[in-house]
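Undergrad: One structure coming up, written as structure tokens, with questions to follow.
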Amino acid sequence: KSNKVKFNEKIKQLYLDINFLFLSKCKNIVVPSNFTKNQLIKYLSINSDNIYVIPNIINFLKKKPKYNSKFQNLKKNLKKIKTVMCVTSNETRKNLKLLYKIIRKSKNINFVIVGNINNNLNLNNVFYFRNISDENLIYLFKISKVFLDVSLYEGFGRTLVEAQYFKLKVVCFDTETNKEILSNTATLINKNTKIKKIINYLNTNSSSNQKLRFFKNSKKYSQISVYKKFKKKINEI
């Protein structure tokens, strides 16, 4: 891991530590998942009655996919092989080493990696995109078949739900957050799952019924659904 990445992670941790100090003095706290709530209770001894769980809102309704000239080389391969999408970064928790092991052992799969990554793989089936718009992101979701996330820690897992909105199969770790947010609609892996098995998950197509389940789960986090379900909590705050 580069010194720059280590430095950035230390700065981020310092920022989080400072935030935690302020959180312990707040009257009410809003978090996106029960997992985050339990972490605050465990490490900051905050009264559970003062912590409200209101999930993040996923809203793509008013945005349309937009092609970017950066996608030109990717577009040429779309009809030939399956496309797997990943949104990640250089952070340790994102587990890039495992992602790259999976990519190196995969055949006949395009990997679309969105994020500011330093150590790129120089392979013909790997496409990196940085600093793209939401509309460009939607385009990538719509041309992909599977969303792969090997992150070991997330407070909510927003991009996984976004992927489900576009009926993508989600393959991710069996973290407490993922099990809570995605329920039984994702393909879960763990540290003992063989790479060969993960690749098999990526290659297995989803049925129409499965795609509908993905979409229905994502709709739980629409603006309307969140407001209806959590209206009482929102008004209490």
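In the structure tokens, chains take letters A, B, ... by order of appearance, with residues numbered from 1 within each chain and ligands from 1 in the order shown.
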Wanna dump the region 145-187 of chain A-region 90-109 of chain A contacts at 7 Å for me, each residue with its shortest atom pair and the distance in Å to one decimal, counting only C-alpha atoms, ordered by chain and number, as CSV?

TA:
residue,atom,partner,partner_atom,distance
A:Val150,CA,A:Asn95,CA,6.0
A:Ser151,CA,A:Lys94,CA,4.1
A:Leu152,CA,A:Arg93,CA,5.3
A:Tyr153,CA,A:Arg93,CA,5.9

Undergrad: Assign secondary structure with DSSP using the backbone only, and return the residues of region 2-223 of chain A in alpha helix (DSSP H) as a VMD selection string.

TA: chain A and resid 3 to 23 34 to 44 72 to 77 96 to 105 134 to 143 158 to 165 176 to 182 195 to 203 208 to 219 223

Undergrad: Could you list, with a cut-off of 9 Å and counting only C-alpha atoms, the residues of region 77-160 of chain A near region 203-223 of chain A, each shown with its nearest atom pair and the distance in Å rounded to one decimal, rows sorted by chain and ascending number, as a Markdown table?

TA:
| residue | atom | partner | partner_atom | distance |
| --- | --- | --- | --- | --- |
| A:Lys82 | CA | A:Asn203 | CA | 7.7 |
| A:Ile109 | CA | A:Asn203 | CA | 8.2 |
| A:Lys145 | CA | A:Asn205 | CA | 8.1 |
| A:Val146 | CA | A:Asn203 | CA | 8.7 |
| A:Leu160 | CA | A:Ser218 | CA | 8.9 |

Undergrad: Only N, CA, C and O atoms, please: the residues just picked out, written as a PDB file, in the first residue's frame.

TA:
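Okay, result24.pdb is ready:
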ATOM      1  N   LYS A  82     -19.949 -10.905 -20.929  1.00  0.00           N
ATOM      2  CA  LYS A  82     -20.671 -10.292 -19.809  1.00  0.00           C
ATOM      3  C   LYS A  82     -19.858  -9.175 -19.169  1.00  0.00           C
ATOM      4  O   LYS A  82     -18.635  -9.239 -19.113  1.00  0.00           O
ATOM      5  N   ILE A 109     -15.048 -12.084 -19.252  1.00  0.00           N
ATOM      6  CA  ILE A 109     -15.821 -11.117 -18.468  1.00  0.00           C
ATOM      7  C   ILE A 109     -15.161  -9.746 -18.599  1.00  0.00           C
ATOM      8  O   ILE A 109     -13.949  -9.615 -18.432  1.00  0.00           O
ATOM      9  N   LYS A 145     -24.300  -6.505 -16.097  1.00  0.00           N
ATOM     10  CA  LYS A 145     -25.170  -7.621 -15.703  1.00  0.00           C
ATOM     11  C   LYS A 145     -25.051  -7.958 -14.220  1.00  0.00           C
ATOM     12  O   LYS A 145     -25.985  -8.452 -13.602  1.00  0.00           O
ATOM     13  N   VAL A 146     -23.856  -7.704 -13.678  1.00  0.00           N
ATOM     14  CA  VAL A 146     -23.583  -8.060 -12.280  1.00  0.00           C
ATOM     15  C   VAL A 146     -22.846  -6.906 -11.613  1.00  0.00           C
ATOM     16  O   VAL A 146     -22.034  -6.225 -12.250  1.00  0.00           O
ATOM     17  N   LEU A 160     -24.702  -0.666  -3.898  1.00  0.00           N
ATOM     18  CA  LEU A 160     -25.290  -1.991  -4.059  1.00  0.00           C
ATOM     19  C   LEU A 160     -26.795  -1.879  -4.311  1.00  0.00           C
ATOM     20  O   LEU A 160     -27.347  -2.586  -5.155  1.00  0.00           O
TER      21      LEU A 160
END

Undergrad: Near region 34-48 of chain A, counting only C-alpha atoms, which residues have an atom at most 10 Å away, once you skip same-chain residues fewer than 3 positions from it, shown as JSON, numbers by chain?

TA: {"A": [20, 21, 23, 24, 25, 26, 27, 28, 29, 30, 31, 51, 52, 53, 54, 55, 154, 155, 156, 175, 176, 177, 178, 179, 180, 181]}

Undergrad: Store the residues of this selection in a file with N, CA and C atoms, as an mmCIF file, in the first residue's frame.

TA:
data_model
loop_
_atom_site.group_PDB
_atom_site.id
_atom_site.type_symbol
_atom_site.label_atom_id
_atom_site.label_comp_id
_atom_site.auth_asym_id
_atom_site.auth_seq_id
_atom_site.Cartn_x
_atom_site.Cartn_y
_atom_site.Cartn_z
ATOM 1 N N PHE A 20 -16.846 11.555 16.120
ATOM 2 C CA PHE A 20 -17.363 10.733 17.208
ATOM 3 C C PHE A 20 -17.437 11.524 18.517
ATOM 4 N N LEU A 21 -16.447 12.386 18.731
ATOM 5 C CA LEU A 21 -16.455 13.210 19.945
ATOM 6 C C LEU A 21 -17.679 14.125 19.970
ATOM 7 N N LEU A 23 -20.492 13.565 18.242
ATOM 8 C CA LEU A 23 -21.693 12.737 18.273
ATOM 9 C C LEU A 23 -22.116 12.404 19.696
ATOM 10 N N SER A 24 -21.143 12.138 20.545
ATOM 11 C CA SER A 24 -21.445 11.761 21.924
ATOM 12 C C SER A 24 -22.147 12.876 22.690
ATOM 13 N N LYS A 25 -22.094 14.108 22.160
ATOM 14 C CA LYS A 25 -22.724 15.241 22.828
ATOM 15 C C LYS A 25 -24.048 15.651 22.172
ATOM 16 N N CYS A 26 -24.411 14.967 21.091
ATOM 17 C CA CYS A 26 -25.644 15.321 20.368
ATOM 18 C C CYS A 26 -26.886 14.750 21.063
ATOM 19 N N LYS A 27 -27.974 15.488 20.970
ATOM 20 C CA LYS A 27 -29.232 15.039 21.559
ATOM 21 C C LYS A 27 -29.846 13.926 20.727
ATOM 22 N N ASN A 28 -29.889 14.130 19.403
ATOM 23 C CA ASN A 28 -30.426 13.128 18.488
ATOM 24 C C ASN A 28 -29.432 12.854 17.368
ATOM 25 N N ILE A 29 -29.336 11.594 16.971
ATOM 26 C CA ILE A 29 -28.417 11.194 15.907
ATOM 27 C C ILE A 29 -29.171 10.353 14.883
ATOM 28 N N VAL A 30 -28.973 10.661 13.608
ATOM 29 C CA VAL A 30 -29.606 9.890 12.534
ATOM 30 C C VAL A 30 -28.528 9.079 11.825
ATOM 31 N N VAL A 31 -28.751 7.775 11.697
ATOM 32 C CA VAL A 31 -27.808 6.888 11.019
ATOM 33 C C VAL A 31 -28.552 6.087 9.946
ATOM 34 N N ILE A 51 -30.790 7.502 19.071
ATOM 35 C CA ILE A 51 -30.286 7.196 17.732
ATOM 36 C C ILE A 51 -31.437 6.733 16.844
ATOM 37 N N TYR A 52 -31.651 7.425 15.752
ATOM 38 C CA TYR A 52 -32.732 7.108 14.823
ATOM 39 C C TYR A 52 -32.154 6.484 13.550
ATOM 40 N N VAL A 53 -32.718 5.363 13.147
ATOM 41 C CA VAL A 53 -32.276 4.704 11.910
ATOM 42 C C VAL A 53 -33.195 5.094 10.763
ATOM 43 N N ILE A 54 -32.661 5.879 9.836
ATOM 44 C CA ILE A 54 -33.393 6.262 8.626
ATOM 45 C C ILE A 54 -32.455 6.003 7.448
ATOM 46 N N PRO A 55 -32.769 5.050 6.592
ATOM 47 C CA PRO A 55 -31.846 4.663 5.519
ATOM 48 C C PRO A 55 -31.623 5.757 4.487
ATOM 49 N N GLU A 154 -18.969 -1.284 5.222
ATOM 50 C CA GLU A 154 -19.741 -0.148 4.718
ATOM 51 C C GLU A 154 -20.781 0.224 5.758
ATOM 52 N N GLY A 155 -21.094 1.507 5.854
ATOM 53 C CA GLY A 155 -22.128 1.943 6.785
ATOM 54 C C GLY A 155 -23.522 1.719 6.239
ATOM 55 N N PHE A 156 -23.642 1.693 4.908
ATOM 56 C CA PHE A 156 -24.954 1.467 4.286
ATOM 57 C C PHE A 156 -24.855 0.624 3.015
ATOM 58 N N THR A 175 -21.495 -9.082 5.209
ATOM 59 C CA THR A 175 -21.352 -8.177 6.353
ATOM 60 C C THR A 175 -22.725 -7.917 6.972
ATOM 61 N N GLU A 176 -22.737 -7.446 8.204
ATOM 62 C CA GLU A 176 -23.999 -7.151 8.880
ATOM 63 C C GLU A 176 -24.817 -6.122 8.091
ATOM 64 N N THR A 177 -24.124 -5.119 7.565
ATOM 65 C CA THR A 177 -24.813 -4.075 6.791
ATOM 66 C C THR A 177 -25.453 -4.653 5.536
ATOM 67 N N ASN A 178 -24.705 -5.431 4.787
ATOM 68 C CA ASN A 178 -25.235 -5.991 3.541
ATOM 69 C C ASN A 178 -26.427 -6.903 3.797
ATOM 70 N N LYS A 179 -26.355 -7.706 4.844
ATOM 71 C CA LYS A 179 -27.473 -8.599 5.167
ATOM 72 C C LYS A 179 -28.709 -7.800 5.588
ATOM 73 N N GLU A 180 -28.468 -6.688 6.268
ATOM 74 C CA GLU A 180 -29.582 -5.841 6.697
ATOM 75 C C GLU A 180 -30.224 -5.100 5.526
ATOM 76 N N ILE A 181 -29.412 -4.486 4.690
ATOM 77 C CA ILE A 181 -29.926 -3.633 3.607
ATOM 78 C C ILE A 181 -30.439 -4.442 2.411
#

Undergrad: I need the residues in region 24-186 of chain A that are strand (DSSP E or B) according to DSSP; give them as a ChimeraX atom specification.

TA: /A:29-31,51-53,82-87,109-114,126-129,146-149,169-173

Undergrad: Using the selection just defined, write its residues with N, CA and C atoms as a PDB file, in the first residue's frame.

TA:
ATOM      1  N   ILE A  29     -29.336  11.594  16.971  1.00  0.00           N
ATOM      2  CA  ILE A  29     -28.417  11.194  15.907  1.00  0.00           C
ATOM      3  C   ILE A  29     -29.171  10.353  14.883  1.00  0.00           C
ATOM      4  N   VAL A  30     -28.973  10.661  13.608  1.00  0.00           N
ATOM      5  CA  VAL A  30     -29.606   9.890  12.534  1.00  0.00           C
ATOM      6  C   VAL A  30     -28.528   9.079  11.825  1.00  0.00           C
ATOM      7  N   VAL A  31     -28.751   7.775  11.697  1.00  0.00           N
ATOM      8  CA  VAL A  31     -27.808   6.888  11.019  1.00  0.00           C
ATOM      9  C   VAL A  31     -28.552   6.087   9.946  1.00  0.00           C
ATOM     10  N   ILE A  51     -30.790   7.502  19.071  1.00  0.00           N
ATOM     11  CA  ILE A  51     -30.286   7.196  17.732  1.00  0.00           C
ATOM     12  C   ILE A  51     -31.437   6.733  16.844  1.00  0.00           C
ATOM     13  N   TYR A  52     -31.651   7.425  15.752  1.00  0.00           N
ATOM     14  CA  TYR A  52     -32.732   7.108  14.823  1.00  0.00           C
ATOM     15  C   TYR A  52     -32.154   6.484  13.550  1.00  0.00           C
ATOM     16  N   VAL A  53     -32.718   5.363  13.147  1.00  0.00           N
ATOM     17  CA  VAL A  53     -32.276   4.704  11.910  1.00  0.00           C
ATOM     18  C   VAL A  53     -33.195   5.094  10.763  1.00  0.00           C
ATOM     19  N   LYS A  82     -19.949 -10.905 -20.929  1.00  0.00           N
ATOM     20  CA  LYS A  82     -20.671 -10.292 -19.809  1.00  0.00           C
ATOM     21  C   LYS A  82     -19.858  -9.175 -19.169  1.00  0.00           C
ATOM     22  N   THR A  83     -20.574  -8.143 -18.694  1.00  0.00           N
ATOM     23  CA  THR A  83     -19.917  -7.014 -18.036  1.00  0.00           C
ATOM     24  C   THR A  83     -20.245  -7.002 -16.550  1.00  0.00           C
ATOM     25  N   VAL A  84     -19.214  -6.969 -15.729  1.00  0.00           N
ATOM     26  CA  VAL A  84     -19.348  -6.900 -14.271  1.00  0.00           C
ATOM     27  C   VAL A  84     -18.859  -5.534 -13.821  1.00  0.00           C
ATOM     28  N   MET A  85     -19.647  -4.866 -13.001  1.00  0.00           N
ATOM     29  CA  MET A  85     -19.325  -3.502 -12.562  1.00  0.00           C
ATOM     30  C   MET A  85     -18.883  -3.484 -11.108  1.00  0.00           C
ATOM     31  N   CYS A  86     -17.915  -2.632 -10.793  1.00  0.00           N
ATOM     32  CA  CYS A  86     -17.426  -2.451  -9.428  1.00  0.00           C
ATOM     33  C   CYS A  86     -17.239  -0.956  -9.179  1.00  0.00           C
ATOM     34  N   VAL A  87     -17.634  -0.496  -7.995  1.00  0.00           N
ATOM     35  CA  VAL A  87     -17.353   0.882  -7.578  1.00  0.00           C
ATOM     36  C   VAL A  87     -16.488   0.770  -6.329  1.00  0.00           C
ATOM     37  N   ILE A 109     -15.048 -12.084 -19.252  1.00  0.00           N
ATOM     38  CA  ILE A 109     -15.821 -11.117 -18.468  1.00  0.00           C
ATOM     39  C   ILE A 109     -15.161  -9.746 -18.599  1.00  0.00           C
ATOM     40  N   ASN A 110     -15.961  -8.730 -18.899  1.00  0.00           N
ATOM     41  CA  ASN A 110     -15.494  -7.341 -18.826  1.00  0.00           C
ATOM     42  C   ASN A 110     -15.644  -6.857 -17.396  1.00  0.00           C
ATOM     43  N   PHE A 111     -14.650  -6.182 -16.871  1.00  0.00           N
ATOM     44  CA  PHE A 111     -14.763  -5.581 -15.544  1.00  0.00           C
ATOM     45  C   PHE A 111     -14.713  -4.062 -15.674  1.00  0.00           C
ATOM     46  N   VAL A 112     -15.794  -3.419 -15.267  1.00  0.00           N
ATOM     47  CA  VAL A 112     -15.869  -1.957 -15.263  1.00  0.00           C
ATOM     48  C   VAL A 112     -15.605  -1.494 -13.837  1.00  0.00           C
ATOM     49  N   ILE A 113     -14.518  -0.767 -13.632  1.00  0.00           N
ATOM     50  CA  ILE A 113     -14.150  -0.303 -12.295  1.00  0.00           C
ATOM     51  C   ILE A 113     -14.271   1.213 -12.228  1.00  0.00           C
ATOM     52  N   VAL A 114     -15.172   1.678 -11.377  1.00  0.00           N
ATOM     53  CA  VAL A 114     -15.408   3.110 -11.209  1.00  0.00           C
ATOM     54  C   VAL A 114     -14.793   3.562  -9.891  1.00  0.00           C
ATOM     55  N   VAL A 126     -10.362  -5.009 -18.595  1.00  0.00           N
ATOM     56  CA  VAL A 126     -10.591  -4.141 -17.431  1.00  0.00           C
ATOM     57  C   VAL A 126     -10.648  -2.688 -17.883  1.00  0.00           C
ATOM     58  N   PHE A 127     -11.737  -2.005 -17.509  1.00  0.00           N
ATOM     59  CA  PHE A 127     -11.961  -0.625 -17.936  1.00  0.00           C
ATOM     60  C   PHE A 127     -12.134   0.259 -16.704  1.00  0.00           C
ATOM     61  N   TYR A 128     -11.268   1.263 -16.573  1.00  0.00           N
ATOM     62  CA  TYR A 128     -11.295   2.159 -15.421  1.00  0.00           C
ATOM     63  C   TYR A 128     -11.934   3.495 -15.791  1.00  0.00           C
ATOM     64  N   PHE A 129     -12.796   3.997 -14.904  1.00  0.00           N
ATOM     65  CA  PHE A 129     -13.421   5.300 -15.132  1.00  0.00           C
ATOM     66  C   PHE A 129     -13.399   6.114 -13.837  1.00  0.00           C
ATOM     67  N   VAL A 146     -23.856  -7.704 -13.678  1.00  0.00           N
ATOM     68  CA  VAL A 146     -23.583  -8.060 -12.280  1.00  0.00           C
ATOM     69  C   VAL A 146     -22.846  -6.906 -11.613  1.00  0.00           C
ATOM     70  N   PHE A 147     -23.128  -6.702 -10.324  1.00  0.00           N
ATOM     71  CA  PHE A 147     -22.385  -5.725  -9.536  1.00  0.00           C
ATOM     72  C   PHE A 147     -21.604  -6.491  -8.479  1.00  0.00           C
ATOM     73  N   LEU A 148     -20.275  -6.365  -8.527  1.00  0.00           N
ATOM     74  CA  LEU A 148     -19.404  -7.066  -7.580  1.00  0.00           C
ATOM     75  C   LEU A 148     -18.841  -6.089  -6.561  1.00  0.00           C
ATOM     76  N   ASP A 149     -19.027  -6.403  -5.279  1.00  0.00           N
ATOM     77  CA  ASP A 149     -18.495  -5.556  -4.220  1.00  0.00           C
ATOM     78  C   ASP A 149     -17.810  -6.435  -3.181  1.00  0.00           C
ATOM     79  N   LYS A 169     -27.602  -8.258 -10.594  1.00  0.00           N
ATOM     80  CA  LYS A 169     -27.289  -9.213  -9.542  1.00  0.00           C
ATOM     81  C   LYS A 169     -26.144  -8.640  -8.716  1.00  0.00           C
ATOM     82  N   VAL A 170     -26.267  -8.675  -7.397  1.00  0.00           N
ATOM     83  CA  VAL A 170     -25.224  -8.149  -6.516  1.00  0.00           C
ATOM     84  C   VAL A 170     -24.505  -9.305  -5.822  1.00  0.00           C
ATOM     85  N   VAL A 171     -23.193  -9.346  -5.987  1.00  0.00           N
ATOM     86  CA  VAL A 171     -22.348 -10.319  -5.295  1.00  0.00           C
ATOM     87  C   VAL A 171     -21.491  -9.539  -4.305  1.00  0.00           C
ATOM     88  N   CYS A 172     -21.632  -9.834  -3.021  1.00  0.00           N
ATOM     89  CA  CYS A 172     -20.944  -9.028  -2.007  1.00  0.00           C
ATOM     90  C   CYS A 172     -20.669  -9.850  -0.756  1.00  0.00           C
ATOM     91  N   PHE A 173     -19.893  -9.278   0.158  1.00  0.00           N
ATOM     92  CA  PHE A 173     -19.567  -9.958   1.406  1.00  0.00           C
ATOM     93  C   PHE A 173     -20.774 -10.008   2.347  1.00  0.00           C
TER      94      PHE A 173
END

Undergrad: Which of these residues is nearest to Gln164 (chain A), using only C-alpha atoms: A:Asn120, A:Ile138, A:Asn200, A:Asn190?

TA: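 Of the candidates, the smallest distance to Gln164 (chain A) is held by A:Ile138.
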
Undergrad: One decimal, Å: what's the distance from CA of Asn119 (chain A) over to CA of Tyr67 (chain A), could you say?

TA: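 Going from CA of Asn119 (chain A) over to CA of Tyr67 (chain A), I get 25.7 Å.
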
Undergrad: Just how far from CA of Arg130 (chain A) is CA of Thr187 (chain A), in Å to one decimal?

TA: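 CA of Arg130 (chain A) lies at a distance of 26.7 Å from CA of Thr187 (chain A).
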
Undergrad: Residues near Phe166 (chain A), anyone? I mean within 8 Å using only C-alpha atoms, not counting same-chain ones fewer than 2 positions away, as a short mmCIF file (atom, residue, chain, number, x, y, z; two decimals) with N, CA and C atoms, in the first residue's frame.

TA:
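Output contents, as saved in out.cif:
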data_model
loop_
_atom_site.label_atom_id
_atom_site.label_comp_id
_atom_site.auth_asym_id
_atom_site.auth_seq_id
_atom_site.Cartn_x
_atom_site.Cartn_y
_atom_site.Cartn_z
N PHE A 141 -24.37 1.22 -15.23
CA PHE A 141 -25.28 0.28 -14.57
C PHE A 141 -26.14 -0.45 -15.61
N LYS A 142 -26.63 0.28 -16.57
CA LYS A 142 -27.58 -0.28 -17.54
C LYS A 142 -26.92 -1.26 -18.52
N GLU A 162 -28.24 0.84 -5.50
CA GLU A 162 -28.36 1.48 -6.81
C GLU A 162 -28.27 0.44 -7.92
N ALA A 163 -27.37 -0.50 -7.77
CA ALA A 163 -27.22 -1.57 -8.77
C ALA A 163 -28.50 -2.39 -8.87
N GLN A 164 -29.11 -2.68 -7.73
CA GLN A 164 -30.35 -3.45 -7.73
C GLN A 164 -31.49 -2.69 -8.41
N LEU A 168 -29.49 -5.41 -11.44
CA LEU A 168 -28.23 -6.14 -11.47
C LEU A 168 -28.15 -7.12 -10.31
N PHE A 215 -35.03 -5.38 -7.92
CA PHE A 215 -35.66 -4.07 -8.12
C PHE A 215 -36.57 -3.71 -6.95
#

Undergrad: If you measure from CA of Ile81 (chain A) to CA of Asn122 (chain A), what distance in Å do you get, rounded to one decimal?

TA: 18.4 Å

Undergrad: Which is closest to Asn73 (chain A) among A:Asn125, A:Ile189, A:Lys231, A:Asn116, if we use only C-alpha atoms?

TA: A:Asn125
